[in-house]
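The file model_26.pdb contains PDB, C-alpha atoms, pLDDT in the B column:
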MODEL        1
ATOM      1  CA  MET A   1     -28.605   9.740 -23.434  1.00 87.00           C
ATOM      2  CA  GLU A   2     -30.814   6.865 -22.309  1.00 89.00           C
ATOM      3  CA  VAL A   3     -27.791   4.616 -21.696  1.00 93.00           C
ATOM      4  CA  PHE A   4     -26.159   7.349 -19.620  1.00 94.00           C
ATOM      5  CA  VAL A   5     -29.256   7.637 -17.405  1.00 93.00           C
ATOM      6  CA  LYS A   6     -29.341   3.855 -16.909  1.00 94.00           C
ATOM      7  CA  ILE A   7     -25.662   3.748 -15.946  1.00 95.00           C
ATOM      8  CA  LEU A   8     -26.088   6.709 -13.600  1.00 95.00           C
ATOM      9  CA  ALA A   9     -29.108   5.058 -11.981  1.00 95.00           C
ATOM     10  CA  PHE A  10     -27.222   1.861 -11.207  1.00 96.00           C
ATOM     11  CA  LEU A  11     -24.182   3.796  -9.981  1.00 96.00           C
ATOM     12  CA  LEU A  12     -26.397   5.739  -7.570  1.00 96.00           C
ATOM     13  CA  LEU A  13     -28.006   2.510  -6.377  1.00 96.00           C
ATOM     14  CA  ALA A  14     -24.621   0.860  -5.845  1.00 96.00           C
ATOM     15  CA  ALA A  15     -23.162   3.896  -4.070  1.00 96.00           C
ATOM     16  CA  GLY A  16     -26.198   4.156  -1.815  1.00 96.00           C
ATOM     17  CA  ALA A  17     -26.089   0.463  -0.931  1.00 96.00           C
ATOM     18  CA  PHE A  18     -22.368   0.706  -0.147  1.00 96.00           C
ATOM     19  CA  ILE A  19     -22.961   3.731   2.088  1.00 96.00           C
ATOM     20  CA  VAL A  20     -25.855   2.100   3.960  1.00 96.00           C
ATOM     21  CA  TYR A  21     -24.119  -1.234   4.514  1.00 96.00           C
ATOM     22  CA  GLY A  22     -20.788   0.364   5.393  1.00 95.00           C
ATOM     23  CA  ALA A  23     -22.181   3.080   7.652  1.00 94.00           C
ATOM     24  CA  LYS A  24     -20.640   1.676  10.832  1.00 93.00           C
ATOM     25  CA  LEU A  25     -17.182   1.412   9.302  1.00 93.00           C
ATOM     26  CA  ILE A  26     -17.465   4.873   7.745  1.00 93.00           C
ATOM     27  CA  ALA A  27     -18.577   6.375  11.075  1.00 91.00           C
ATOM     28  CA  PHE A  28     -15.708   4.806  13.016  1.00 90.00           C
ATOM     29  CA  ARG A  29     -13.164   5.980  10.461  1.00 90.00           C
ATOM     30  CA  MET A  30     -14.597   9.487  10.510  1.00 88.00           C
ATOM     31  CA  MET A  31     -14.503   9.549  14.314  1.00 84.00           C
ATOM     32  CA  LYS A  32     -10.898   8.299  14.352  1.00 84.00           C
ATOM     33  CA  SER A  33      -9.764  10.875  11.830  1.00 82.00           C
ATOM     34  CA  ALA A  34     -11.532  13.624  13.767  1.00 78.00           C
ATOM     35  CA  THR A  35      -9.815  12.587  16.988  1.00 75.00           C
ATOM     36  CA  ASN A  36      -6.430  12.343  15.279  1.00 73.00           C
ATOM     37  CA  ILE A  37      -6.827  15.890  14.005  1.00 67.00           C
ATOM     38  CA  ASP A  38      -7.833  17.141  17.451  1.00 61.00           C
ATOM     39  CA  ASN A  39      -4.990  15.145  19.101  1.00 54.00           C
ATOM     40  CA  LYS A  40      -7.443  13.418  21.429  1.00 49.00           C
ATOM     41  CA  ASN A  41      -7.285   9.895  22.777  1.00 53.00           C
ATOM     42  CA  ASN A  42      -9.121   7.701  20.252  1.00 49.00           C
ATOM     43  CA  LYS A  43      -9.386   4.514  22.289  1.00 52.00           C
ATOM     44  CA  ASP A  44     -13.100   5.183  22.925  1.00 54.00           C
ATOM     45  CA  PHE A  45     -13.862   5.083  19.206  1.00 54.00           C
ATOM     46  CA  ASN A  46     -12.548   1.603  18.411  1.00 58.00           C
ATOM     47  CA  PRO A  47     -15.278  -0.841  17.424  1.00 60.00           C
ATOM     48  CA  PRO A  48     -15.670  -3.730  19.872  1.00 56.00           C
ATOM     49  CA  ASP A  49     -13.989  -6.969  18.889  1.00 59.00           C
ATOM     50  CA  GLU A  50     -16.635  -9.697  18.948  1.00 59.00           C
ATOM     51  CA  ASN A  51     -13.994 -12.445  19.108  1.00 64.00           C
ATOM     52  CA  ASN A  52     -12.533 -11.043  22.311  1.00 64.00           C
ATOM     53  CA  PRO A  53     -14.576 -12.317  25.286  1.00 58.00           C
ATOM     54  CA  GLU A  54     -13.405  -9.398  27.435  1.00 59.00           C
ATOM     55  CA  ALA A  55     -14.745  -6.855  24.930  1.00 56.00           C
ATOM     56  CA  VAL A  56     -18.196  -8.429  24.656  1.00 54.00           C
ATOM     57  CA  ASN A  57     -19.658  -9.406  27.985  1.00 55.00           C
ATOM     58  CA  GLU A  58     -23.379 -10.048  27.741  1.00 56.00           C
ATOM     59  CA  ASP A  59     -23.823 -10.429  31.492  1.00 51.00           C
ATOM     60  CA  GLU A  60     -23.048  -6.807  32.178  1.00 58.00           C
ATOM     61  CA  GLU A  61     -25.604  -4.129  31.545  1.00 63.00           C
ATOM     62  CA  HIS A  62     -24.411  -1.790  28.810  1.00 64.00           C
ATOM     63  CA  THR A  63     -24.763   1.883  29.593  1.00 72.00           C
ATOM     64  CA  PHE A  64     -24.483   4.346  26.758  1.00 70.00           C
ATOM     65  CA  THR A  65     -21.859   6.995  27.107  1.00 80.00           C
ATOM     66  CA  GLU A  66     -21.819  10.277  25.257  1.00 80.00           C
ATOM     67  CA  ASN A  67     -19.373   8.844  22.716  1.00 78.00           C
ATOM     68  CA  ASP A  68     -21.683   5.877  22.062  1.00 83.00           C
ATOM     69  CA  TYR A  69     -24.570   8.262  21.488  1.00 87.00           C
ATOM     70  CA  LYS A  70     -22.513  10.387  19.086  1.00 86.00           C
ATOM     71  CA  THR A  71     -21.369   7.304  17.194  1.00 88.00           C
ATOM     72  CA  GLU A  72     -24.897   5.915  16.853  1.00 91.00           C
ATOM     73  CA  LYS A  73     -26.199   9.310  15.757  1.00 92.00           C
ATOM     74  CA  GLN A  74     -23.486   9.563  13.120  1.00 93.00           C
ATOM     75  CA  ILE A  75     -24.230   6.026  11.857  1.00 94.00           C
ATOM     76  CA  VAL A  76     -27.907   6.894  11.454  1.00 95.00           C
ATOM     77  CA  ASN A  77     -27.044  10.122   9.618  1.00 96.00           C
ATOM     78  CA  ILE A  78     -24.760   8.224   7.232  1.00 96.00           C
ATOM     79  CA  LYS A  79     -27.467   5.616   6.587  1.00 96.00           C
ATOM     80  CA  ILE A  80     -29.987   8.370   5.816  1.00 97.00           C
ATOM     81  CA  THR A  81     -27.540   9.880   3.328  1.00 96.00           C
ATOM     82  CA  GLY A  82     -27.141   6.470   1.687  1.00 96.00           C
ATOM     83  CA  MET A  83     -30.902   6.105   1.467  1.00 97.00           C
ATOM     84  CA  PHE A  84     -31.092   9.417  -0.394  1.00 97.00           C
ATOM     85  CA  PHE A  85     -28.675   7.991  -2.975  1.00 97.00           C
ATOM     86  CA  ILE A  86     -30.784   4.836  -3.243  1.00 97.00           C
ATOM     87  CA  ILE A  87     -34.001   6.823  -3.649  1.00 97.00           C
ATOM     88  CA  ALA A  88     -32.412   8.939  -6.393  1.00 96.00           C
ATOM     89  CA  GLY A  89     -31.233   5.758  -8.125  1.00 96.00           C
ATOM     90  CA  VAL A  90     -34.681   4.163  -7.927  1.00 96.00           C
ATOM     91  CA  ILE A  91     -36.299   7.273  -9.404  1.00 95.00           C
ATOM     92  CA  LEU A  92     -33.795   7.220 -12.253  1.00 95.00           C
ATOM     93  CA  VAL A  93     -34.405   3.500 -12.819  1.00 95.00           C
ATOM     94  CA  LEU A  94     -38.142   4.136 -13.016  1.00 95.00           C
ATOM     95  CA  PHE A  95     -37.505   6.987 -15.445  1.00 92.00           C
ATOM     96  CA  ALA A  96     -35.003   5.087 -17.608  1.00 92.00           C
ATOM     97  CA  PHE A  97     -36.953   1.807 -17.865  1.00 90.00           C
ATOM     98  CA  ARG A  98     -40.460   3.172 -18.308  1.00 86.00           C
TER      99      ARG A  98
ENDMDL
END

As structure tokens, what does this structure read like?
Amino acid sequence: MEVFVKILAFLLLAAGAFIVYGAKLIAFRMMKSATNIDNKNNKDFNPPDENNPEAVNEDEEHTFTENDYKTEKQIVNIKITGMFFIIAGVILVLFAFR
């Protein structure tokens, strides 16, 4: 039973870390799939290409649109969910290795 708790603790930690670090990618994929289901135009949900100088222009002032706000809000919500996994994993690690 103790080995199972240790394995579960590290799996929760790994899953939480993956969710937190991949939150932006997860959010963009969720937004794309939602727009494909709704048959909307999904060009607003593509992440900016940093290698393309036209996509990233630091001279212009960036104004947030409603889609940017929704995307950022979804990224934060995904990161919070990942942190819950990490917290659960840390509690299990403390319990398993006491």

One number please: atom CA of Thr63 of chain A to atom CA of Lys24 of chain A, in Å, one decimal.
19.2 Å

Between A:Leu8, A:Ile75, A:Ala23, A:Val3, which is the closest to Ile91 of chain A once you count only C-alpha atoms?
A:Leu8

Shell around Ile7 of chain A at 10 Å using only C-alpha atoms, local window under 5 positions removed, as a PDB file with C-alpha atoms, in the frame of the given file:
ATOM      1  CA  GLU A   2     -30.814   6.865 -22.309  1.00 89.00           C
ATOM      2  CA  LEU A  12     -26.397   5.739  -7.570  1.00 96.00           C
ATOM      3  CA  LEU A  13     -28.006   2.510  -6.377  1.00 96.00           C
ATOM      4  CA  GLY A  89     -31.233   5.758  -8.125  1.00 96.00           C
ATOM      5  CA  LEU A  92     -33.795   7.220 -12.253  1.00 95.00           C
ATOM      6  CA  VAL A  93     -34.405   3.500 -12.819  1.00 95.00           C
ATOM      7  CA  ALA A  96     -35.003   5.087 -17.608  1.00 92.00           C
TER       8      ALA A  96
END

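Closest approach to Gly16 of chain A from the set A:Lys73, A:Phe97, A:Val90, A:Gly82 is made by A:Gly82, with distances taken over all atoms listed in the file.
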
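Considering the residues A:Phe4, A:Phe10, A:Phe64, A:Gln74 and counting all atoms listed in the file, Ile26 of chain A has its shortest atom-to-atom contact with A:Gln74.
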
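Using only C-alpha atoms, the nearest neighbour of Glu72 of chain A within the list A:Asn36, A:Leu94, A:Phe85, A:Leu25 is A:Leu25.
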
Considering only C-alpha atoms, state which residue in the set A:Leu11, A:Ile78, A:Ala88, A:Val5 is at the smallest distance from Met30 of chain A.
A:Ile78

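The space between atom CA of Ile87 of chain A and atom CA of Tyr69 of chain A spans 26.9 Å.
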
With 3 Å of padding per side, what axis-aligned box (centre and edge lengths, Å, one decimal) covers all the listed atoms of segment 79-83 of chain A? Give it as lines of an AutoDock Vina configuration file.
center_x = -29.0
center_y = 7.7
center_z = 4.0
size_x = 9.8
size_y = 10.3
size_z = 11.1

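Here the question is which of A:Met1, A:Ile19, A:Ala9, A:Ala14 gets nearest to Val76 of chain A using all atoms listed in the file, and that residue is A:Ile19.
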
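Going from atom CA of Lys70 of chain A over to atom CA of Met83 of chain A, you cover 20.0 Å.
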